[in-house]
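The file input.pdb comes next; it holds PDB, N, CA and C atoms.
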```pdb
ATOM      1  N   GLN H   1     -56.015   5.766 -28.244
ATOM      2  CA  GLN H   1     -55.488   6.379 -27.044
ATOM      3  C   GLN H   1     -55.468   5.342 -25.919
ATOM      4  N   THR H   2     -54.378   5.318 -25.174
ATOM      5  CA  THR H   2     -54.265   4.380 -24.058
ATOM      6  C   THR H   2     -54.676   5.068 -22.756
ATOM      7  N   ILE H   3     -54.923   4.275 -21.737
ATOM      8  CA  ILE H   3     -55.270   4.824 -20.428
ATOM      9  C   ILE H   3     -54.126   5.687 -19.898
ATOM     10  N   SER H   4     -52.893   5.296 -20.158
ATOM     11  CA  SER H   4     -51.746   6.106 -19.722
ATOM     12  C   SER H   4     -51.753   7.476 -20.387
ATOM     13  N   GLU H   5     -52.089   7.517 -21.660
ATOM     14  CA  GLU H   5     -52.158   8.796 -22.373
ATOM     15  C   GLU H   5     -53.260   9.686 -21.813
ATOM     16  N   VAL H   6     -54.388   9.090 -21.464
ATOM     17  CA  VAL H   6     -55.495   9.855 -20.888
ATOM     18  C   VAL H   6     -55.088  10.425 -19.533
ATOM     19  N   VAL H   7     -54.456   9.610 -18.699
ATOM     20  CA  VAL H   7     -54.022  10.068 -17.386
ATOM     21  C   VAL H   7     -52.948  11.150 -17.530
ATOM     22  N   GLU H   8     -52.065  11.012 -18.493
ATOM     23  CA  GLU H   8     -51.063  12.047 -18.764
ATOM     24  C   GLU H   8     -51.746  13.353 -19.170
ATOM     25  N   GLU H   9     -52.823  13.270 -19.937
ATOM     26  CA  GLU H   9     -53.576  14.461 -20.342
ATOM     27  C   GLU H   9     -54.193  15.146 -19.117
ATOM     28  N   VAL H  10     -54.725  14.353 -18.203
ATOM     29  CA  VAL H  10     -55.286  14.916 -16.965
ATOM     30  C   VAL H  10     -54.199  15.653 -16.193
ATOM     31  N   ASP H  11     -53.070  15.004 -16.009
ATOM     32  CA  ASP H  11     -51.962  15.605 -15.269
ATOM     33  C   ASP H  11     -51.487  16.888 -15.950
ATOM     34  N   GLU H  12     -51.391  16.868 -17.262
ATOM     35  CA  GLU H  12     -50.970  18.056 -18.006
ATOM     36  C   GLU H  12     -51.983  19.190 -17.843
ATOM     37  N   ASP H  13     -53.267  18.874 -17.965
ATOM     38  CA  ASP H  13     -54.306  19.893 -17.775
ATOM     39  C   ASP H  13     -54.189  20.532 -16.397
ATOM     40  N   LEU H  14     -54.039  19.705 -15.371
ATOM     41  CA  LEU H  14     -53.943  20.222 -14.005
ATOM     42  C   LEU H  14     -52.722  21.127 -13.840
ATOM     43  N   GLN H  15     -51.610  20.724 -14.423
ATOM     44  CA  GLN H  15     -50.397  21.536 -14.311
ATOM     45  C   GLN H  15     -50.527  22.855 -15.057
ATOM     46  N   LEU H  16     -51.056  22.797 -16.282
ATOM     47  CA  LEU H  16     -51.177  24.008 -17.088
ATOM     48  C   LEU H  16     -52.210  24.979 -16.530
ATOM     49  N   GLN H  17     -53.303  24.458 -16.024
ATOM     50  CA  GLN H  17     -54.393  25.316 -15.584
ATOM     51  C   GLN H  17     -54.245  25.821 -14.156
ATOM     52  N   SER H  18     -53.563  25.044 -13.293
ATOM     53  CA  SER H  18     -53.519  25.440 -11.891
ATOM     54  C   SER H  18     -52.170  25.232 -11.216
ATOM     55  N   ASN H  19     -51.200  24.721 -11.957
ATOM     56  CA  ASN H  19     -49.881  24.432 -11.398
ATOM     57  C   ASN H  19     -49.926  23.299 -10.367
ATOM     58  N   PHE H  20     -50.952  22.453 -10.460
ATOM     59  CA  PHE H  20     -51.115  21.315  -9.558
ATOM     60  C   PHE H  20     -50.514  20.090 -10.215
ATOM     61  N   LYS H  21     -49.628  19.403  -9.504
ATOM     62  CA  LYS H  21     -48.938  18.229 -10.034
ATOM     63  C   LYS H  21     -49.339  17.000  -9.234
ATOM     64  N   LEU H  22     -49.862  16.002  -9.925
ATOM     65  CA  LEU H  22     -50.177  14.736  -9.276
ATOM     66  C   LEU H  22     -48.890  13.973  -8.985
ATOM     67  N   THR H  23     -48.872  13.272  -7.870
ATOM     68  CA  THR H  23     -47.708  12.458  -7.520
ATOM     69  C   THR H  23     -47.738  11.175  -8.359
ATOM     70  N   THR H  24     -46.637  10.458  -8.360
ATOM     71  CA  THR H  24     -46.574   9.180  -9.065
ATOM     72  C   THR H  24     -47.633   8.222  -8.539
ATOM     73  N   GLY H  25     -47.809   8.179  -7.235
ATOM     74  CA  GLY H  25     -48.823   7.310  -6.634
ATOM     75  C   GLY H  25     -50.236   7.709  -7.042
ATOM     76  N   GLU H  26     -50.502   9.003  -7.074
ATOM     77  CA  GLU H  26     -51.827   9.485  -7.481
ATOM     78  C   GLU H  26     -52.107   9.148  -8.940
ATOM     79  N   LEU H  27     -51.107   9.304  -9.786
ATOM     80  CA  LEU H  27     -51.258   8.953 -11.203
ATOM     81  C   LEU H  27     -51.570   7.467 -11.361
ATOM     82  N   LYS H  28     -50.904   6.646 -10.580
ATOM     83  CA  LYS H  28     -51.131   5.198 -10.634
ATOM     84  C   LYS H  28     -52.561   4.854 -10.213
ATOM     85  N   ILE H  29     -53.036   5.483  -9.137
ATOM     86  CA  ILE H  29     -54.408   5.238  -8.676
ATOM     87  C   ILE H  29     -55.407   5.663  -9.742
ATOM     88  N   LEU H  30     -55.208   6.836 -10.329
ATOM     89  CA  LEU H  30     -56.117   7.315 -11.373
ATOM     90  C   LEU H  30     -56.111   6.380 -12.576
ATOM     91  N   LYS H  31     -54.945   5.899 -12.936
ATOM     92  CA  LYS H  31     -54.826   4.966 -14.061
ATOM     93  C   LYS H  31     -55.542   3.648 -13.773
ATOM     94  N   ASN H  32     -55.418   3.153 -12.563
ATOM     95  CA  ASN H  32     -56.006   1.862 -12.211
ATOM     96  C   ASN H  32     -57.505   1.929 -11.949
ATOM     97  N   ASN H  33     -57.977   3.045 -11.409
ATOM     98  CA  ASN H  33     -59.365   3.132 -10.966
ATOM     99  C   ASN H  33     -60.245   4.085 -11.770
ATOM    100  N   GLY H  34     -59.645   5.013 -12.482
ATOM    101  CA  GLY H  34     -60.425   6.003 -13.208
ATOM    102  C   GLY H  34     -60.949   7.108 -12.315
ATOM    103  N   ILE H  35     -60.624   7.046 -11.028
ATOM    104  CA  ILE H  35     -61.034   8.073 -10.072
ATOM    105  C   ILE H  35     -59.963   8.188  -8.995
ATOM    106  N   LEU H  36     -59.786   9.415  -8.511
ATOM    107  CA  LEU H  36     -58.772   9.683  -7.496
ATOM    108  C   LEU H  36     -59.385  10.597  -6.446
ATOM    109  N   PHE H  37     -59.363  10.172  -5.194
ATOM    110  CA  PHE H  37     -59.865  10.982  -4.090
ATOM    111  C   PHE H  37     -58.708  11.741  -3.468
ATOM    112  N   LEU H  38     -58.900  13.049  -3.286
ATOM    113  CA  LEU H  38     -57.855  13.894  -2.719
ATOM    114  C   LEU H  38     -58.376  14.627  -1.490
ATOM    115  N   PRO H  39     -57.606  14.641  -0.405
ATOM    116  CA  PRO H  39     -58.036  15.393   0.766
ATOM    117  C   PRO H  39     -58.046  16.889   0.456
ATOM    118  N   THR H  40     -58.900  17.609   1.136
ATOM    119  CA  THR H  40     -59.054  19.037   0.855
ATOM    120  C   THR H  40     -57.754  19.806   1.012
ATOM    121  N   ASP H  41     -56.957  19.477   2.011
ATOM    122  CA  ASP H  41     -55.721  20.225   2.216
ATOM    123  C   ASP H  41     -54.712  20.013   1.088
ATOM    124  N   ARG H  42     -54.831  18.926   0.354
ATOM    125  CA  ARG H  42     -53.915  18.643  -0.765
ATOM    126  C   ARG H  42     -54.222  19.513  -1.986
ATOM    127  N   ILE H  43     -55.482  19.862  -2.203
ATOM    128  CA  ILE H  43     -55.886  20.523  -3.437
ATOM    129  C   ILE H  43     -56.516  21.901  -3.220
ATOM    130  N   LYS H  44     -56.733  22.258  -1.972
ATOM    131  CA  LYS H  44     -57.461  23.481  -1.630
ATOM    132  C   LYS H  44     -56.953  24.731  -2.358
ATOM    133  N   SER H  45     -55.666  24.958  -2.370
ATOM    134  CA  SER H  45     -55.134  26.185  -2.976
ATOM    135  C   SER H  45     -55.190  26.180  -4.507
ATOM    136  N   TYR H  46     -55.525  25.048  -5.103
ATOM    137  CA  TYR H  46     -55.605  24.941  -6.561
ATOM    138  C   TYR H  46     -57.051  24.879  -7.063
ATOM    139  N   ALA H  47     -57.980  24.682  -6.159
ATOM    140  CA  ALA H  47     -59.373  24.396  -6.536
ATOM    141  C   ALA H  47     -60.018  25.487  -7.381
ATOM    142  N   ALA H  48     -59.767  26.745  -7.081
ATOM    143  CA  ALA H  48     -60.412  27.837  -7.837
ATOM    144  C   ALA H  48     -59.986  27.820  -9.296
ATOM    145  N   GLU H  49     -58.688  27.626  -9.552
ATOM    146  CA  GLU H  49     -58.205  27.591 -10.937
ATOM    147  C   GLU H  49     -58.737  26.368 -11.682
ATOM    148  N   ILE H  50     -58.802  25.238 -10.981
ATOM    149  CA  ILE H  50     -59.345  24.024 -11.598
ATOM    150  C   ILE H  50     -60.819  24.223 -11.915
ATOM    151  N   ARG H  51     -61.571  24.793 -10.992
ATOM    152  CA  ARG H  51     -62.993  25.056 -11.214
ATOM    153  C   ARG H  51     -63.184  25.971 -12.429
ATOM    154  N   ASN H  52     -62.383  27.037 -12.534
ATOM    155  CA  ASN H  52     -62.486  27.937 -13.684
ATOM    156  C   ASN H  52     -62.245  27.194 -14.990
ATOM    157  N   TYR H  53     -61.228  26.360 -15.010
ATOM    158  CA  TYR H  53     -60.939  25.576 -16.212
ATOM    159  C   TYR H  53     -62.120  24.681 -16.579
ATOM    160  N   LEU H  54     -62.649  23.972 -15.605
ATOM    161  CA  LEU H  54     -63.753  23.057 -15.872
ATOM    162  C   LEU H  54     -65.011  23.803 -16.310
ATOM    163  N   GLN H  55     -65.280  24.959 -15.742
ATOM    164  CA  GLN H  55     -66.454  25.738 -16.108
ATOM    165  C   GLN H  55     -66.324  26.342 -17.502
ATOM    166  N   ASN H  56     -65.104  26.630 -17.905
ATOM    167  CA  ASN H  56     -64.885  27.292 -19.193
ATOM    168  C   ASN H  56     -64.501  26.350 -20.327
ATOM    169  N   THR H  57     -64.439  25.062 -20.049
ATOM    170  CA  THR H  57     -64.082  24.074 -21.069
ATOM    171  C   THR H  57     -65.237  23.097 -21.215
ATOM    172  N   ASP H  58     -65.721  22.959 -22.435
ATOM    173  CA  ASP H  58     -66.832  22.047 -22.692
ATOM    174  C   ASP H  58     -66.444  20.624 -22.319
ATOM    175  N   ILE H  59     -67.384  19.918 -21.720
ATOM    176  CA  ILE H  59     -67.141  18.535 -21.269
ATOM    177  C   ILE H  59     -66.695  17.640 -22.426
ATOM    178  N   THR H  60     -67.131  17.932 -23.633
ATOM    179  CA  THR H  60     -66.732  17.109 -24.782
ATOM    180  C   THR H  60     -65.280  17.337 -25.184
ATOM    181  N   ASP H  61     -64.664  18.405 -24.664
ATOM    182  CA  ASP H  61     -63.281  18.722 -24.999
ATOM    183  C   ASP H  61     -62.282  18.275 -23.940
ATOM    184  N   ARG H  62     -62.748  17.547 -22.937
ATOM    185  CA  ARG H  62     -61.843  17.076 -21.893
ATOM    186  C   ARG H  62     -62.216  15.657 -21.479
ATOM    187  N   VAL H  63     -61.283  14.995 -20.825
ATOM    188  CA  VAL H  63     -61.467  13.585 -20.463
ATOM    189  C   VAL H  63     -61.635  13.383 -18.960
ATOM    190  N   TRP H  64     -61.803  14.464 -18.209
ATOM    191  CA  TRP H  64     -61.899  14.360 -16.761
ATOM    192  C   TRP H  64     -62.759  15.486 -16.206
ATOM    193  N   THR H  65     -63.147  15.312 -14.961
ATOM    194  CA  THR H  65     -63.830  16.354 -14.205
ATOM    195  C   THR H  65     -63.454  16.206 -12.744
ATOM    196  N   MET H  66     -63.908  17.137 -11.933
ATOM    197  CA  MET H  66     -63.614  17.081 -10.508
ATOM    198  C   MET H  66     -64.907  17.310  -9.725
ATOM    199  N   TYR H  67     -65.072  16.539  -8.677
ATOM    200  CA  TYR H  67     -66.223  16.656  -7.803
ATOM    201  C   TYR H  67     -65.738  17.010  -6.400
ATOM    202  N   LYS H  68     -66.611  17.624  -5.625
ATOM    203  CA  LYS H  68     -66.293  17.800  -4.212
ATOM    204  C   LYS H  68     -67.389  17.142  -3.407
ATOM    205  N   ALA H  69     -66.993  16.513  -2.325
ATOM    206  CA  ALA H  69     -67.936  15.781  -1.485
ATOM    207  C   ALA H  69     -67.950  16.386  -0.086
ATOM    208  N   THR H  70     -69.138  16.501   0.454
ATOM    209  CA  THR H  70     -69.276  17.018   1.808
ATOM    210  C   THR H  70     -69.877  15.954   2.700
ATOM    211  N   ASP H  71     -69.539  16.047   3.962
ATOM    212  CA  ASP H  71     -70.087  15.154   4.973
ATOM    213  C   ASP H  71     -71.529  15.599   5.239
ATOM    214  N   ILE H  72     -72.476  14.725   5.032
ATOM    215  CA  ILE H  72     -73.877  15.125   5.177
ATOM    216  C   ILE H  72     -74.259  15.417   6.623
ATOM    217  N   SER H  73     -73.478  14.967   7.579
ATOM    218  CA  SER H  73     -73.824  15.216   8.974
ATOM    219  C   SER H  73     -73.492  16.639   9.413
ATOM    220  N   ASN H  74     -72.444  17.215   8.822
ATOM    221  CA  ASN H  74     -72.058  18.564   9.247
ATOM    222  C   ASN H  74     -71.805  19.517   8.079
ATOM    223  N   LYS H  75     -72.039  19.053   6.873
ATOM    224  CA  LYS H  75     -71.882  19.846   5.649
ATOM    225  C   LYS H  75     -70.471  20.396   5.459
ATOM    226  N   ARG H  76     -69.496  19.773   6.078
ATOM    227  CA  ARG H  76     -68.108  20.160   5.866
ATOM    228  C   ARG H  76     -67.563  19.440   4.642
ATOM    229  N   LEU H  77     -66.686  20.122   3.944
ATOM    230  CA  LEU H  77     -66.051  19.520   2.782
ATOM    231  C   LEU H  77     -65.184  18.363   3.230
ATOM    232  N   GLY H  78     -65.406  17.205   2.631
ATOM    233  CA  GLY H  78     -64.654  16.027   3.015
ATOM    234  C   GLY H  78     -63.470  15.746   2.116
ATOM    235  N   PHE H  79     -63.679  15.811   0.804
ATOM    236  CA  PHE H  79     -62.601  15.528  -0.134
ATOM    237  C   PHE H  79     -63.014  15.977  -1.531
ATOM    238  N   TYR H  80     -62.051  16.006  -2.417
ATOM    239  CA  TYR H  80     -62.287  16.229  -3.843
ATOM    240  C   TYR H  80     -62.028  14.903  -4.558
ATOM    241  N   ALA H  81     -62.687  14.715  -5.681
ATOM    242  CA  ALA H  81     -62.454  13.526  -6.498
ATOM    243  C   ALA H  81     -62.226  13.960  -7.932
ATOM    244  N   ILE H  82     -61.137  13.510  -8.506
ATOM    245  CA  ILE H  82     -60.873  13.702  -9.931
ATOM    246  C   ILE H  82     -61.283  12.410 -10.609
ATOM    247  N   ALA H  83     -62.136  12.526 -11.615
ATOM    248  CA  ALA H  83     -62.666  11.335 -12.275
ATOM    249  C   ALA H  83     -62.535  11.461 -13.784
ATOM    250  N   LEU H  84     -62.149  10.356 -14.405
ATOM    251  CA  LEU H  84     -62.140  10.306 -15.862
ATOM    252  C   LEU H  84     -63.588  10.299 -16.334
ATOM    253  N   THR H  85     -63.871  11.024 -17.395
ATOM    254  CA  THR H  85     -65.245  11.121 -17.909
ATOM    255  C   THR H  85     -65.434  10.328 -19.185
ATOM    256  N   ILE H  86     -64.516   9.438 -19.444
ATOM    257  CA  ILE H  86     -64.606   8.580 -20.620
ATOM    258  C   ILE H  86     -64.719   7.141 -20.158
ATOM    259  N   ASP H  87     -65.225   6.299 -21.007
ATOM    260  CA  ASP H  87     -65.337   4.878 -20.678
ATOM    261  C   ASP H  87     -63.965   4.237 -20.854
ATOM    262  N   THR H  88     -63.307   3.937 -19.737
ATOM    263  CA  THR H  88     -61.958   3.388 -19.816
ATOM    264  C   THR H  88     -61.929   1.994 -20.430
ATOM    265  N   ASN H  89     -63.071   1.331 -20.519
ATOM    266  CA  ASN H  89     -63.127   0.019 -21.186
ATOM    267  C   ASN H  89     -62.926   0.144 -22.683
ATOM    268  N   LEU H  90     -63.154   1.337 -23.232
ATOM    269  CA  LEU H  90     -62.997   1.560 -24.661
ATOM    270  C   LEU H  90     -61.570   1.936 -25.055
ATOM    271  N   LEU H  91     -60.729   2.179 -24.076
ATOM    272  CA  LEU H  91     -59.365   2.593 -24.349
ATOM    273  C   LEU H  91     -58.470   1.397 -24.617
ATOM    274  N   ASP H  92     -57.433   1.628 -25.408
ATOM    275  CA  ASP H  92     -56.407   0.612 -25.581
ATOM    276  C   ASP H  92     -55.680   0.477 -24.259
ATOM    277  N   LYS H  93     -55.461  -0.734 -23.830
ATOM    278  CA  LYS H  93     -54.731  -0.965 -22.595
ATOM    279  C   LYS H  93     -53.239  -0.828 -22.866
ATOM    280  N   ASP H  94     -52.514  -0.505 -21.824
ATOM    281  CA  ASP H  94     -51.057  -0.346 -21.968
ATOM    282  C   ASP H  94     -50.370  -1.682 -22.100
TER     283      ASP H  94
END
```

Using the file provided, produce a representation of the structure as structure tokens.
Amino acid sequence: QTISEVVEEVDEDLQLQSNFKLTTGELKILKNNGILFLPTDRIKSYAAEIRNYLQNTDITDRVWTMYKATDISNKRLGFYAIALTIDTNLLDKD
């Protein structure tokens, strides 16, 4: 499996589970870094469906997860991060 295939799987999961579509730029960042930071307003309306998918799918059956980060000074949600949960060094490069 190549890194492009893994990123395509992430994008497909997001679309199927929550109707959330990553932009070309976001896909490129995820492919290059293995992690993508998204502002809350970009993903807010999709977060519940994504959370349900992640809670109901075993980590061994998926290649990504999502985290949310809060500002420790005011406990406000700062951003979400989609991260690959596999070692990208083990993947075939494109």

Any idea what's packed within 6.5 Å of stretch 58-74 of chain H, counting all atoms listed in the file, ignoring anything in its chain fewer than 4 positions away? Could you give it as an mmCIF file with N, CA and C atoms, keeping the file's coordinate frame?
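part.cif, freshly written:
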```cif
data_model
loop_
_atom_site.group_PDB
_atom_site.id
_atom_site.type_symbol
_atom_site.label_atom_id
_atom_site.label_comp_id
_atom_site.auth_asym_id
_atom_site.auth_seq_id
_atom_site.Cartn_x
_atom_site.Cartn_y
_atom_site.Cartn_z
ATOM 1 N N LEU H 54 -62.649 23.972 -15.605
ATOM 2 C CA LEU H 54 -63.753 23.057 -15.872
ATOM 3 C C LEU H 54 -65.011 23.803 -16.310
ATOM 4 N N GLY H 78 -65.406 17.205 2.631
ATOM 5 C CA GLY H 78 -64.654 16.027 3.015
ATOM 6 C C GLY H 78 -63.470 15.746 2.116
ATOM 7 N N PHE H 79 -63.679 15.811 0.804
ATOM 8 C CA PHE H 79 -62.601 15.528 -0.134
ATOM 9 C C PHE H 79 -63.014 15.977 -1.531
ATOM 10 N N TYR H 80 -62.051 16.006 -2.417
ATOM 11 C CA TYR H 80 -62.287 16.229 -3.843
ATOM 12 C C TYR H 80 -62.028 14.903 -4.558
ATOM 13 N N ALA H 81 -62.687 14.715 -5.681
ATOM 14 C CA ALA H 81 -62.454 13.526 -6.498
ATOM 15 C C ALA H 81 -62.226 13.960 -7.932
ATOM 16 N N ILE H 82 -61.137 13.510 -8.506
ATOM 17 C CA ILE H 82 -60.873 13.702 -9.931
ATOM 18 C C ILE H 82 -61.283 12.410 -10.609
ATOM 19 N N ALA H 83 -62.136 12.526 -11.615
ATOM 20 C CA ALA H 83 -62.666 11.335 -12.275
ATOM 21 C C ALA H 83 -62.535 11.461 -13.784
ATOM 22 N N LEU H 84 -62.149 10.356 -14.405
ATOM 23 C CA LEU H 84 -62.140 10.306 -15.862
ATOM 24 C C LEU H 84 -63.588 10.299 -16.334
ATOM 25 N N THR H 85 -63.871 11.024 -17.395
ATOM 26 C CA THR H 85 -65.245 11.121 -17.909
ATOM 27 C C THR H 85 -65.434 10.328 -19.185
ATOM 28 N N ILE H 86 -64.516 9.438 -19.444
ATOM 29 C CA ILE H 86 -64.606 8.580 -20.620
ATOM 30 C C ILE H 86 -64.719 7.141 -20.158
#
```

>> If DSSP is run on the backbone, what residues of chain H are strand (DSSP E or B)? A reply as number ranges by chain would be ideal.
In response: H: 2, 35-39, 64-70, 77-84, 92

Write the residues of the preceding selection, restricted to N, CA and C atoms, as a PDB file, in the coordinates of the input.
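Result saved to result_11.pdb:
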```
ATOM      1  N   THR H   2     -54.378   5.318 -25.174  1.00  0.00           N
ATOM      2  CA  THR H   2     -54.265   4.380 -24.058  1.00  0.00           C
ATOM      3  C   THR H   2     -54.676   5.068 -22.756  1.00  0.00           C
ATOM      4  N   ILE H  35     -60.624   7.046 -11.028  1.00  0.00           N
ATOM      5  CA  ILE H  35     -61.034   8.073 -10.072  1.00  0.00           C
ATOM      6  C   ILE H  35     -59.963   8.188  -8.995  1.00  0.00           C
ATOM      7  N   LEU H  36     -59.786   9.415  -8.511  1.00  0.00           N
ATOM      8  CA  LEU H  36     -58.772   9.683  -7.496  1.00  0.00           C
ATOM      9  C   LEU H  36     -59.385  10.597  -6.446  1.00  0.00           C
ATOM     10  N   PHE H  37     -59.363  10.172  -5.194  1.00  0.00           N
ATOM     11  CA  PHE H  37     -59.865  10.982  -4.090  1.00  0.00           C
ATOM     12  C   PHE H  37     -58.708  11.741  -3.468  1.00  0.00           C
ATOM     13  N   LEU H  38     -58.900  13.049  -3.286  1.00  0.00           N
ATOM     14  CA  LEU H  38     -57.855  13.894  -2.719  1.00  0.00           C
ATOM     15  C   LEU H  38     -58.376  14.627  -1.490  1.00  0.00           C
ATOM     16  N   PRO H  39     -57.606  14.641  -0.405  1.00  0.00           N
ATOM     17  CA  PRO H  39     -58.036  15.393   0.766  1.00  0.00           C
ATOM     18  C   PRO H  39     -58.046  16.889   0.456  1.00  0.00           C
ATOM     19  N   TRP H  64     -61.803  14.464 -18.209  1.00  0.00           N
ATOM     20  CA  TRP H  64     -61.899  14.360 -16.761  1.00  0.00           C
ATOM     21  C   TRP H  64     -62.759  15.486 -16.206  1.00  0.00           C
ATOM     22  N   THR H  65     -63.147  15.312 -14.961  1.00  0.00           N
ATOM     23  CA  THR H  65     -63.830  16.354 -14.205  1.00  0.00           C
ATOM     24  C   THR H  65     -63.454  16.206 -12.744  1.00  0.00           C
ATOM     25  N   MET H  66     -63.908  17.137 -11.933  1.00  0.00           N
ATOM     26  CA  MET H  66     -63.614  17.081 -10.508  1.00  0.00           C
ATOM     27  C   MET H  66     -64.907  17.310  -9.725  1.00  0.00           C
ATOM     28  N   TYR H  67     -65.072  16.539  -8.677  1.00  0.00           N
ATOM     29  CA  TYR H  67     -66.223  16.656  -7.803  1.00  0.00           C
ATOM     30  C   TYR H  67     -65.738  17.010  -6.400  1.00  0.00           C
ATOM     31  N   LYS H  68     -66.611  17.624  -5.625  1.00  0.00           N
ATOM     32  CA  LYS H  68     -66.293  17.800  -4.212  1.00  0.00           C
ATOM     33  C   LYS H  68     -67.389  17.142  -3.407  1.00  0.00           C
ATOM     34  N   ALA H  69     -66.993  16.513  -2.325  1.00  0.00           N
ATOM     35  CA  ALA H  69     -67.936  15.781  -1.485  1.00  0.00           C
ATOM     36  C   ALA H  69     -67.950  16.386  -0.086  1.00  0.00           C
ATOM     37  N   THR H  70     -69.138  16.501   0.454  1.00  0.00           N
ATOM     38  CA  THR H  70     -69.276  17.018   1.808  1.00  0.00           C
ATOM     39  C   THR H  70     -69.877  15.954   2.700  1.00  0.00           C
ATOM     40  N   LEU H  77     -66.686  20.122   3.944  1.00  0.00           N
ATOM     41  CA  LEU H  77     -66.051  19.520   2.782  1.00  0.00           C
ATOM     42  C   LEU H  77     -65.184  18.363   3.230  1.00  0.00           C
ATOM     43  N   GLY H  78     -65.406  17.205   2.631  1.00  0.00           N
ATOM     44  CA  GLY H  78     -64.654  16.027   3.015  1.00  0.00           C
ATOM     45  C   GLY H  78     -63.470  15.746   2.116  1.00  0.00           C
ATOM     46  N   PHE H  79     -63.679  15.811   0.804  1.00  0.00           N
ATOM     47  CA  PHE H  79     -62.601  15.528  -0.134  1.00  0.00           C
ATOM     48  C   PHE H  79     -63.014  15.977  -1.531  1.00  0.00           C
ATOM     49  N   TYR H  80     -62.051  16.006  -2.417  1.00  0.00           N
ATOM     50  CA  TYR H  80     -62.287  16.229  -3.843  1.00  0.00           C
ATOM     51  C   TYR H  80     -62.028  14.903  -4.558  1.00  0.00           C
ATOM     52  N   ALA H  81     -62.687  14.715  -5.681  1.00  0.00           N
ATOM     53  CA  ALA H  81     -62.454  13.526  -6.498  1.00  0.00           C
ATOM     54  C   ALA H  81     -62.226  13.960  -7.932  1.00  0.00           C
ATOM     55  N   ILE H  82     -61.137  13.510  -8.506  1.00  0.00           N
ATOM     56  CA  ILE H  82     -60.873  13.702  -9.931  1.00  0.00           C
ATOM     57  C   ILE H  82     -61.283  12.410 -10.609  1.00  0.00           C
ATOM     58  N   ALA H  83     -62.136  12.526 -11.615  1.00  0.00           N
ATOM     59  CA  ALA H  83     -62.666  11.335 -12.275  1.00  0.00           C
ATOM     60  C   ALA H  83     -62.535  11.461 -13.784  1.00  0.00           C
ATOM     61  N   LEU H  84     -62.149  10.356 -14.405  1.00  0.00           N
ATOM     62  CA  LEU H  84     -62.140  10.306 -15.862  1.00  0.00           C
ATOM     63  C   LEU H  84     -63.588  10.299 -16.334  1.00  0.00           C
ATOM     64  N   ASP H  92     -57.433   1.628 -25.408  1.00  0.00           N
ATOM     65  CA  ASP H  92     -56.407   0.612 -25.581  1.00  0.00           C
ATOM     66  C   ASP H  92     -55.680   0.477 -24.259  1.00  0.00           C
TER      67      ASP H  92
END
```

> Among chain H, which ones does DSSP place in alpha helix (DSSP H), written as a PyMOL selection string?
Replying inline: chain H and resi 3-18+24-33+40-43+47-56

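Rounded to one decimal, atom CA of H:Leu38 and atom CA of H:Thr57 lie 21.9 Å from each other.
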
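If you look at atom N of H:Lys93 and atom CA of H:Thr2, they are 5.3 Å away from each other.
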
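Note that atom CA of H:Arg76 and atom CA of H:Leu22 are 24.1 Å apart.
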
> Care to translate the PyMOL selection byres ((chain H and resi 18) around 8) into actual residues of this file, as a list in words?
Replying inline: Glu12, Asp13, Leu14, Gln15, Leu16, Gln17, Asn19, Phe20, Lys21, Ser45, Tyr46, Ala47, Ala48, Glu49, Ile50 and Tyr53 of chain H
